[in-house]
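Trainee: I am sharing input.txt, which consists of compact mmCIF, C-alpha atoms and all ligand atoms:
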# COMPACT_ATOMS: atom_id res chain seq x y z
CA MET N 513 17.35 -23.32 20.92
CA ALA N 514 14.28 -23.63 18.75
CA ASP N 515 13.69 -27.03 17.23
CA GLY N 516 14.22 -28.27 13.74
CA SER N 517 15.04 -25.16 11.66
CA TRP N 518 17.63 -25.55 8.96
CA TYR N 519 19.18 -22.32 10.24
CA ASP N 520 19.54 -23.31 13.91
CA ALA N 521 23.12 -24.48 13.38
CA ASP N 522 24.06 -20.88 12.51
CA ILE N 523 22.49 -19.34 15.62
CA ASP N 524 24.73 -18.77 18.63
CA HIS N 525 21.94 -17.83 21.02
CA VAL N 526 18.34 -16.68 21.04
CA ILE N 527 17.70 -13.15 22.34
CA ILE N 528 13.92 -12.94 22.09
CA SER N 529 11.73 -16.03 21.73
CA GLU N 530 8.68 -16.54 19.54
CA ALA N 531 6.42 -16.52 22.64
CA GLN N 532 7.92 -13.25 23.90
CA ILE N 533 7.33 -11.64 20.51
CA ARG N 534 3.71 -12.84 20.46
CA GLU N 535 3.00 -11.51 23.94
CA LYS N 536 4.68 -8.15 23.33
CA THR N 537 2.91 -7.66 20.00
CA ALA N 538 -0.46 -8.11 21.71
CA GLU N 539 0.56 -5.59 24.40
CA LEU N 540 1.64 -3.01 21.81
CA ALA N 541 -1.61 -3.48 19.87
CA LYS N 542 -3.59 -2.96 23.06
CA GLN N 543 -1.77 0.31 23.79
CA VAL N 544 -2.24 1.58 20.23
CA SER N 545 -5.94 0.58 20.24
CA ALA N 546 -6.51 2.56 23.41
CA ASP N 547 -4.60 5.61 22.17
CA TYR N 548 -6.39 5.68 18.80
CA ALA N 549 -9.90 4.73 19.93
CA HIS N 550 -11.05 8.19 18.81
CA VAL N 551 -9.88 7.72 15.22
CA THR N 552 -13.03 6.90 13.29
CA ASP N 553 -11.78 7.32 9.73
CA GLY N 554 -9.15 4.58 9.94
CA LEU N 555 -5.52 4.37 10.94
CA LEU N 556 -2.90 3.97 8.27
CA LEU N 557 -0.23 1.42 9.13
CA VAL N 558 2.94 1.93 7.08
CA CYS N 559 5.19 -1.12 7.03
CA VAL N 560 8.88 -0.52 6.39
CA LEU N 561 9.91 -3.42 4.17
CA LYS N 562 11.54 -5.77 4.17
CA GLY N 563 12.53 -6.07 7.83
CA ALA N 564 9.12 -5.22 9.30
CA VAL N 565 7.18 -7.77 7.24
CA MET N 566 6.65 -10.27 10.05
CA PHE N 567 5.91 -7.67 12.69
CA MET N 568 3.44 -5.85 10.42
CA ALA N 569 1.51 -9.05 9.74
CA ASP N 570 1.29 -9.98 13.42
CA PHE N 571 0.76 -6.45 14.73
CA ALA N 572 -2.01 -5.69 12.22
CA ARG N 573 -3.83 -8.90 13.17
CA ALA N 574 -3.47 -8.16 16.87
CA LEU N 575 -4.89 -4.69 16.24
CA GLY N 576 -7.70 -6.20 14.17
CA ARG N 577 -8.92 -8.13 17.23
CA GLN N 578 -9.55 -4.97 19.22
CA GLY N 579 -8.48 -1.72 17.56
CA PRO N 580 -9.96 0.88 15.26
CA PRO N 581 -10.08 -0.03 11.56
CA ALA N 582 -6.75 0.29 9.76
CA GLU N 583 -5.49 0.39 6.20
CA LEU N 584 -2.13 -1.11 5.38
CA ASP N 585 0.49 0.42 3.11
CA PHE N 586 4.09 -0.52 2.43
CA MET N 587 7.34 1.27 1.75
CA ALA N 588 10.54 -0.53 0.89
CA ILE N 589 13.68 1.28 1.95
CA SER N 590 17.16 0.00 2.50
CA SER N 591 20.43 1.19 3.96
CA TYR N 592 22.21 -1.95 5.16
CA GLY N 593 22.80 -3.82 1.89
CA GLN N 594 24.88 -6.96 2.50
CA GLY N 595 26.64 -5.76 5.65
CA THR N 596 26.02 -5.34 9.38
CA THR N 597 26.34 -1.55 9.56
CA SER N 598 24.17 1.13 8.07
CA SER N 599 25.56 2.78 4.94
CA GLY N 600 23.83 5.95 6.13
CA VAL N 601 22.32 6.31 2.66
CA VAL N 602 18.62 5.48 2.65
CA ARG N 603 17.22 4.35 -0.70
CA ILE N 604 13.49 4.17 -1.51
CA LEU N 605 12.84 0.94 -3.37
CA LYS N 606 9.04 1.27 -3.18
CA ASP N 607 7.02 4.33 -2.19
CA LEU N 608 3.58 4.48 -0.57
CA ASP N 609 0.61 3.71 -2.80
CA ARG N 610 -1.71 6.25 -1.20
CA ASP N 611 -1.69 9.91 -0.25
CA ILE N 612 -1.25 10.25 3.53
CA ALA N 613 -2.44 13.87 3.84
CA GLY N 614 -4.81 14.21 6.81
CA ARG N 615 -4.31 10.59 7.91
CA HIS N 616 -3.24 9.21 11.28
CA VAL N 617 -0.15 7.25 10.35
CA ILE N 618 1.68 4.62 12.38
CA VAL N 619 5.04 3.57 11.00
CA VAL N 620 5.63 -0.11 11.72
CA GLU N 621 9.35 -0.89 12.03
CA ASP N 622 11.22 -3.99 13.06
CA ILE N 623 14.25 -2.28 14.60
CA VAL N 624 15.72 1.09 15.50
CA ASP N 625 19.49 0.66 15.47
CA SER N 626 21.43 3.82 14.51
CA GLY N 627 18.07 5.57 13.99
CA LEU N 628 19.18 6.84 10.57
CA THR N 629 16.45 5.03 8.64
CA LEU N 630 13.63 6.29 10.84
CA SER N 631 14.94 9.80 11.12
CA TRP N 632 15.05 9.99 7.33
CA LEU N 633 11.61 8.38 6.97
CA LEU N 634 9.92 10.63 9.52
CA ARG N 635 11.20 13.72 7.73
CA TYR N 636 9.94 12.28 4.45
CA LEU N 637 6.47 11.52 5.87
CA GLU N 638 6.18 14.82 7.72
CA SER N 639 6.57 16.67 4.43
CA ARG N 640 3.39 14.91 3.25
CA SER N 641 0.94 16.57 5.69
CA ALA N 642 -0.29 13.59 7.70
CA ALA N 643 -2.63 14.44 10.61
CA SER N 644 -0.21 12.59 12.90
CA VAL N 645 2.77 10.26 12.59
CA GLU N 646 3.91 7.89 15.34
CA VAL N 647 6.20 4.88 15.30
CA VAL N 648 5.86 1.37 16.67
CA ALA N 649 9.17 -0.53 16.65
CA LEU N 650 9.49 -4.05 17.97
CA PHE N 651 13.21 -3.72 18.79
CA ARG N 652 15.52 -0.86 19.67
CA LYS N 653 19.24 -0.80 20.46
CA PRO N 654 19.44 2.14 22.88
CA ASP N 655 23.24 2.13 22.98
CA ALA N 656 23.58 2.28 19.20
CA VAL N 657 21.24 5.17 18.46
CA LYS N 658 23.16 7.96 16.66
CA VAL N 659 20.22 10.25 15.98
CA THR N 660 17.34 10.73 18.37
CA VAL N 661 14.05 9.62 16.91
CA PRO N 662 10.67 9.84 18.64
CA VAL N 663 9.49 6.25 18.93
CA LYS N 664 6.27 6.19 20.94
CA TYR N 665 5.82 2.42 21.09
CA VAL N 666 8.86 0.17 21.66
CA GLY N 667 8.70 -3.60 22.15
CA PHE N 668 12.13 -4.59 23.45
CA ASP N 669 15.37 -2.76 24.15
CA ILE N 670 18.15 -5.13 23.12
CA PRO N 671 21.96 -5.11 23.33
CA THR N 672 24.14 -3.58 20.62
CA GLU N 673 24.72 -6.80 18.71
CA PHE N 674 23.75 -7.65 15.16
CA VAL N 675 20.64 -9.83 15.32
CA VAL N 676 18.68 -11.89 12.81
CA GLY N 677 15.25 -13.46 12.57
CA TYR N 678 11.61 -12.37 12.57
CA GLY N 679 12.21 -10.25 9.46
CA LEU N 680 15.76 -9.18 10.28
CA ASP N 681 18.38 -10.42 7.85
CA PHE N 682 22.06 -10.85 7.34
CA ALA N 683 22.72 -10.60 3.59
CA GLU N 684 19.01 -11.41 2.96
CA ARG N 685 19.07 -14.64 4.99
CA TYR N 686 17.45 -15.65 8.29
CA ARG N 687 14.37 -13.41 7.91
CA GLU N 688 12.01 -16.37 8.24
CA LEU N 689 13.23 -17.47 11.68
CA PRO N 690 10.32 -17.12 14.15
CA TYR N 691 12.63 -15.84 16.93
CA VAL N 692 15.47 -13.31 17.11
CA GLY N 693 19.02 -14.41 17.75
CA VAL N 694 22.71 -13.75 17.30
CA LEU N 695 24.73 -15.55 14.63
CA LYS N 696 27.81 -17.62 15.40
CA PRO N 697 31.00 -15.69 14.53
CA GLU N 698 31.99 -18.27 11.92
CA VAL N 699 28.91 -17.38 9.85
CA TYR N 700 30.43 -13.94 9.18
CA ALA N 701 33.85 -15.46 8.53
CA ARG N 702 32.50 -17.66 5.73
CA SER N 703 30.48 -14.97 3.96
O1 LIG E 801 18.27 2.38 12.67
P1 LIG E 801 19.03 1.95 11.46
O2 LIG E 801 20.50 1.80 11.74
O3 LIG E 801 18.78 2.80 10.26
O4 LIG E 801 18.56 0.45 11.12
C1 LIG E 801 17.22 0.04 11.07
C2 LIG E 801 16.77 -0.30 9.67
O5 LIG E 801 17.71 -1.20 9.05
C3 LIG E 801 17.04 -2.36 8.58
O6 LIG E 801 16.62 -2.21 7.27
P2 LIG E 801 17.60 -2.47 6.02
O7 LIG E 801 18.14 -1.17 5.52
O8 LIG E 801 18.60 -3.51 6.38
O9 LIG E 801 16.62 -3.04 4.93
P3 LIG E 801 15.65 -4.31 5.08
O10 LIG E 801 14.54 -3.88 6.00
O11 LIG E 801 15.18 -4.59 3.71
O12 LIG E 801 16.47 -5.43 5.68
C4 LIG E 801 15.86 -2.48 9.51
O13 LIG E 801 14.83 -3.23 8.93
C5 LIG E 801 15.44 -1.04 9.75
O14 LIG E 801 14.59 -0.56 8.75
O1 LIG E 802 20.83 -5.99 14.12
C1 LIG E 802 20.34 -5.91 12.96
N1 LIG E 802 20.09 -7.04 12.23
C2 LIG E 802 19.56 -7.00 10.98
N2 LIG E 802 19.27 -5.88 10.36
C3 LIG E 802 19.50 -4.72 11.01
N3 LIG E 802 19.29 -3.46 10.61
C4 LIG E 802 19.65 -2.66 11.62
N4 LIG E 802 20.13 -3.39 12.66
C5 LIG E 802 20.03 -4.69 12.31
MG MG E 803 13.97 -2.25 7.32
Using structure tokens, write down the structure that the file contains.
Ligand SMILES: O=P(O)(O)OC[C@H]1O[C@H](OP(=O)(O)OP(=O)(O)O)[C@H](O)[C@@H]1O
Ligand code: HPA
Ligand SMILES: [Mg+2]

Mentor:
Amino acid sequence: MADGSWYDADIDHVIISEAQIREKTAELAKQVSADYAHVTDGLLLVCVLKGAVMFMADFARALGRQGPPAELDFMAISSYGQGTTSSGVVRILKDLDRDIAGRHVIVVEDIVDSGLTLSWLLRYLESRSAASVEVVALFRKPDAVKVTVPVKYVGFDIPTEFVVGYGLDFAERYRELPYVGVLKPEVYARS
């Protein structure tokens, strides 16, 4: 268990450690840098808030050490609300600031669970005439995916359990944990 966090008492077990996340993020940035070395007019990284906030910050910096230049933009969309299952209804809370027509876009996601969020988002972005759209997702739950989504860069395949930390929340809490873990059952019982 990680040391000293106020939240540690709520965590049953850690699934992916801070060091594993750091190492994998560098690997993903290396792959993306190699694949996009030909892009001279700048990549556009689109962060899917709020969950991807930590990954975006670390991935963009890892890319900045070696990759082609990138601009950052942010969308806020939500489908989970206060619960642990997707409502299936994706709401845009904040749209992109910039036009993406003709741009090479990489969607930066924290997790692909049912796939509903990404499948909706990719359709939305494809209607905006980007030169290309690919996805980098730090986590994926292969056994939970309900709709197939093309995710070119995946960090970790994880079990079908609700997880928190490194941007991922339960009812808006636990996002700031530096690792990813599973909550103790009593945490759900008291909320
Ligand atoms: O594959 P899915 O089942 O659609 O789940 C994945 C999405 O769900 C979470 O976002 P959420 O809607 O909870 O909003 P948040 O990022 O603000 O937490 C997560 O950050 C992904 O964006
Ligand atoms: O396992 C999860 N945890 C937190 N948020 C999520 N959104 C989709 N899956 C998850
Ligand atoms: Mg999200």

Trainee: Can you work out which residues are within 8 Å of ligand LIG 802 (chain E), considering all atoms listed in the file, and then hand them over as a ChimeraX atom specification?

Mentor: /N:563,592,596-598,623-626,672-677,680-682

Trainee: Go ahead and dump the residues you just picked, C-alpha atoms, as a CSV table (one decimal), keeping the file's coordinate frame.

Mentor:
chain,number,residue,atom,x,y,z
N,563,GLY,CA,12.5,-6.1,7.8
N,592,TYR,CA,22.2,-2.0,5.2
N,596,THR,CA,26.0,-5.3,9.4
N,597,THR,CA,26.3,-1.6,9.6
N,598,SER,CA,24.2,1.1,8.1
N,623,ILE,CA,14.2,-2.3,14.6
N,624,VAL,CA,15.7,1.1,15.5
N,625,ASP,CA,19.5,0.7,15.5
N,626,SER,CA,21.4,3.8,14.5
N,672,THR,CA,24.1,-3.6,20.6
N,673,GLU,CA,24.7,-6.8,18.7
N,674,PHE,CA,23.8,-7.6,15.2
N,675,VAL,CA,20.6,-9.8,15.3
N,676,VAL,CA,18.7,-11.9,12.8
N,677,GLY,CA,15.2,-13.5,12.6
N,680,LEU,CA,15.8,-9.2,10.3
N,681,ASP,CA,18.4,-10.4,7.8
N,682,PHE,CA,22.1,-10.8,7.3

Trainee: Using 6 Å as the limit and counting only C-alpha atoms and all ligand atoms, can you tabulate each residue of chain N that touches ligand MG 803 (chain E), with its shortest atom-to-atom distance in Å and the two atoms involved, as a Markdown table?

Mentor:
| residue | atom | partner | partner_atom | distance |
| --- | --- | --- | --- | --- |
| N:Val560 | CA | E:MG803 | MG | 5.5 |
| N:Leu561 | CA | E:MG803 | MG | 5.3 |
| N:Lys562 | CA | E:MG803 | MG | 5.3 |
| N:Gly563 | CA | E:MG803 | MG | 4.1 |

Trainee: Which residues, written as a VMD selection string, have at least one atom at most 10 Å from region 541-543 of chain N, with all atoms listed in the file counted and residues fewer than 4 positions away on the same chain left out?

Mentor: chain N and resid 536 to 537 547 to 548 570 to 579 648 665

Trainee: Which one is closest to ligand LIG 801 (chain E): N:Pro654, N:Gly554, N:Pro580, N:Gly614? Count only C-alpha atoms and all ligand atoms.

Mentor: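 Ranking N:Pro654, N:Gly554, N:Pro580, N:Gly614 by distance to ligand LIG 801 (chain E), first place goes to N:Pro654.
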
Trainee: Please write out the residues within 10 Å of ligand LIG 801 (chain E) as a ChimeraX atom specification, counting only C-alpha atoms and all ligand atoms.

Mentor: /N:559-565,587-605,620-633,649,651-653,656-659,661,676,679-685,687

Trainee: With only C-alpha atoms as the atoms that count, which of N:Ala701, N:Val617, N:Ile523, N:Met568 lies nearest to Leu650 (chain N)?

Mentor: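 Of all the options, N:Met568 lies closest to Leu650 (chain N).
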
Trainee: Could you complete region 654-681 of chain N so that it carries N, CA and C atoms, and give it back as a PDB file, in the coordinates of the input?

Mentor:
ATOM      1  N   PRO N 654      19.266   0.789  22.309  1.00  0.00           N
ATOM      2  CA  PRO N 654      19.440   2.140  22.880  1.00  0.00           C
ATOM      3  C   PRO N 654      20.878   2.616  22.831  1.00  0.00           C
ATOM      4  N   ASP N 655      21.841   1.689  22.940  1.00  0.00           N
ATOM      5  CA  ASP N 655      23.240   2.130  22.980  1.00  0.00           C
ATOM      6  C   ASP N 655      23.830   2.381  21.592  1.00  0.00           C
ATOM      7  N   ALA N 656      23.057   2.106  20.564  1.00  0.00           N
ATOM      8  CA  ALA N 656      23.580   2.280  19.200  1.00  0.00           C
ATOM      9  C   ALA N 656      23.005   3.517  18.523  1.00  0.00           C
ATOM     10  N   VAL N 657      21.960   4.084  19.130  1.00  0.00           N
ATOM     11  CA  VAL N 657      21.240   5.170  18.460  1.00  0.00           C
ATOM     12  C   VAL N 657      22.164   6.384  18.246  1.00  0.00           C
ATOM     13  N   LYS N 658      22.282   6.814  16.998  1.00  0.00           N
ATOM     14  CA  LYS N 658      23.160   7.960  16.660  1.00  0.00           C
ATOM     15  C   LYS N 658      22.344   9.230  16.530  1.00  0.00           C
ATOM     16  N   VAL N 659      21.097   9.078  16.088  1.00  0.00           N
ATOM     17  CA  VAL N 659      20.220  10.250  15.980  1.00  0.00           C
ATOM     18  C   VAL N 659      18.956   9.953  16.772  1.00  0.00           C
ATOM     19  N   THR N 660      18.515  10.945  17.523  1.00  0.00           N
ATOM     20  CA  THR N 660      17.340  10.730  18.370  1.00  0.00           C
ATOM     21  C   THR N 660      16.092  10.732  17.508  1.00  0.00           C
ATOM     22  N   VAL N 661      15.314   9.677  17.652  1.00  0.00           N
ATOM     23  CA  VAL N 661      14.050   9.620  16.910  1.00  0.00           C
ATOM     24  C   VAL N 661      12.916   9.343  17.900  1.00  0.00           C
ATOM     25  N   PRO N 662      11.786  10.031  17.713  1.00  0.00           N
ATOM     26  CA  PRO N 662      10.670   9.840  18.640  1.00  0.00           C
ATOM     27  C   PRO N 662       9.922   8.546  18.332  1.00  0.00           C
ATOM     28  N   VAL N 663      10.173   7.528  19.139  1.00  0.00           N
ATOM     29  CA  VAL N 663       9.490   6.250  18.930  1.00  0.00           C
ATOM     30  C   VAL N 663       8.538   6.054  20.107  1.00  0.00           C
ATOM     31  N   LYS N 664       7.252   6.200  19.840  1.00  0.00           N
ATOM     32  CA  LYS N 664       6.270   6.190  20.940  1.00  0.00           C
ATOM     33  C   LYS N 664       6.086   4.786  21.507  1.00  0.00           C
ATOM     34  N   TYR N 665       6.083   3.788  20.631  1.00  0.00           N
ATOM     35  CA  TYR N 665       5.820   2.420  21.090  1.00  0.00           C
ATOM     36  C   TYR N 665       7.027   1.526  20.785  1.00  0.00           C
ATOM     37  N   VAL N 666       7.676   1.023  21.845  1.00  0.00           N
ATOM     38  CA  VAL N 666       8.860   0.170  21.660  1.00  0.00           C
ATOM     39  C   VAL N 666       8.590  -1.181  22.316  1.00  0.00           C
ATOM     40  N   GLY N 667       8.890  -2.258  21.603  1.00  0.00           N
ATOM     41  CA  GLY N 667       8.700  -3.600  22.150  1.00  0.00           C
ATOM     42  C   GLY N 667       9.796  -3.960  23.139  1.00  0.00           C
ATOM     43  N   PHE N 668      11.009  -4.142  22.626  1.00  0.00           N
ATOM     44  CA  PHE N 668      12.130  -4.590  23.450  1.00  0.00           C
ATOM     45  C   PHE N 668      13.356  -3.726  23.207  1.00  0.00           C
ATOM     46  N   ASP N 669      14.018  -3.322  24.273  1.00  0.00           N
ATOM     47  CA  ASP N 669      15.370  -2.760  24.150  1.00  0.00           C
ATOM     48  C   ASP N 669      16.333  -3.935  24.190  1.00  0.00           C
ATOM     49  N   ILE N 670      17.228  -3.990  23.210  1.00  0.00           N
ATOM     50  CA  ILE N 670      18.150  -5.130  23.120  1.00  0.00           C
ATOM     51  C   ILE N 670      19.596  -4.633  23.068  1.00  0.00           C
ATOM     52  N   PRO N 671      20.558  -5.535  23.345  1.00  0.00           N
ATOM     53  CA  PRO N 671      21.960  -5.110  23.330  1.00  0.00           C
ATOM     54  C   PRO N 671      22.444  -4.725  21.927  1.00  0.00           C
ATOM     55  N   THR N 672      23.573  -4.020  21.892  1.00  0.00           N
ATOM     56  CA  THR N 672      24.140  -3.580  20.620  1.00  0.00           C
ATOM     57  C   THR N 672      24.884  -4.720  19.927  1.00  0.00           C
ATOM     58  N   GLU N 673      24.135  -5.666  19.448  1.00  0.00           N
ATOM     59  CA  GLU N 673      24.720  -6.800  18.710  1.00  0.00           C
ATOM     60  C   GLU N 673      23.902  -6.932  17.450  1.00  0.00           C
ATOM     61  N   PHE N 674      24.507  -7.417  16.391  1.00  0.00           N
ATOM     62  CA  PHE N 674      23.750  -7.650  15.160  1.00  0.00           C
ATOM     63  C   PHE N 674      22.873  -8.882  15.363  1.00  0.00           C
ATOM     64  N   VAL N 675      21.581  -8.728  15.093  1.00  0.00           N
ATOM     65  CA  VAL N 675      20.640  -9.830  15.320  1.00  0.00           C
ATOM     66  C   VAL N 675      19.927 -10.211  14.020  1.00  0.00           C
ATOM     67  N   VAL N 676      19.432 -11.423  13.992  1.00  0.00           N
ATOM     68  CA  VAL N 676      18.680 -11.890  12.810  1.00  0.00           C
ATOM     69  C   VAL N 676      17.406 -12.591  13.269  1.00  0.00           C
ATOM     70  N   GLY N 677      16.487 -12.729  12.312  1.00  0.00           N
ATOM     71  CA  GLY N 677      15.250 -13.460  12.570  1.00  0.00           C
ATOM     72  C   GLY N 677      14.053 -12.534  12.657  1.00  0.00           C
ATOM     73  N   TYR N 678      12.861 -13.106  12.517  1.00  0.00           N
ATOM     74  CA  TYR N 678      11.610 -12.370  12.570  1.00  0.00           C
ATOM     75  C   TYR N 678      11.670 -11.124  11.664  1.00  0.00           C
ATOM     76  N   GLY N 679      12.126 -11.330  10.454  1.00  0.00           N
ATOM     77  CA  GLY N 679      12.210 -10.250   9.460  1.00  0.00           C
ATOM     78  C   GLY N 679      13.593  -9.680   9.288  1.00  0.00           C
ATOM     79  N   LEU N 680      14.412  -9.776  10.348  1.00  0.00           N
ATOM     80  CA  LEU N 680      15.760  -9.180  10.280  1.00  0.00           C
ATOM     81  C   LEU N 680      16.726 -10.126   9.576  1.00  0.00           C
ATOM     82  N   ASP N 681      17.508  -9.568   8.671  1.00  0.00           N
ATOM     83  CA  ASP N 681      18.380 -10.420   7.850  1.00  0.00           C
ATOM     84  C   ASP N 681      19.857 -10.133   8.058  1.00  0.00           C
TER      85      ASP N 681
END
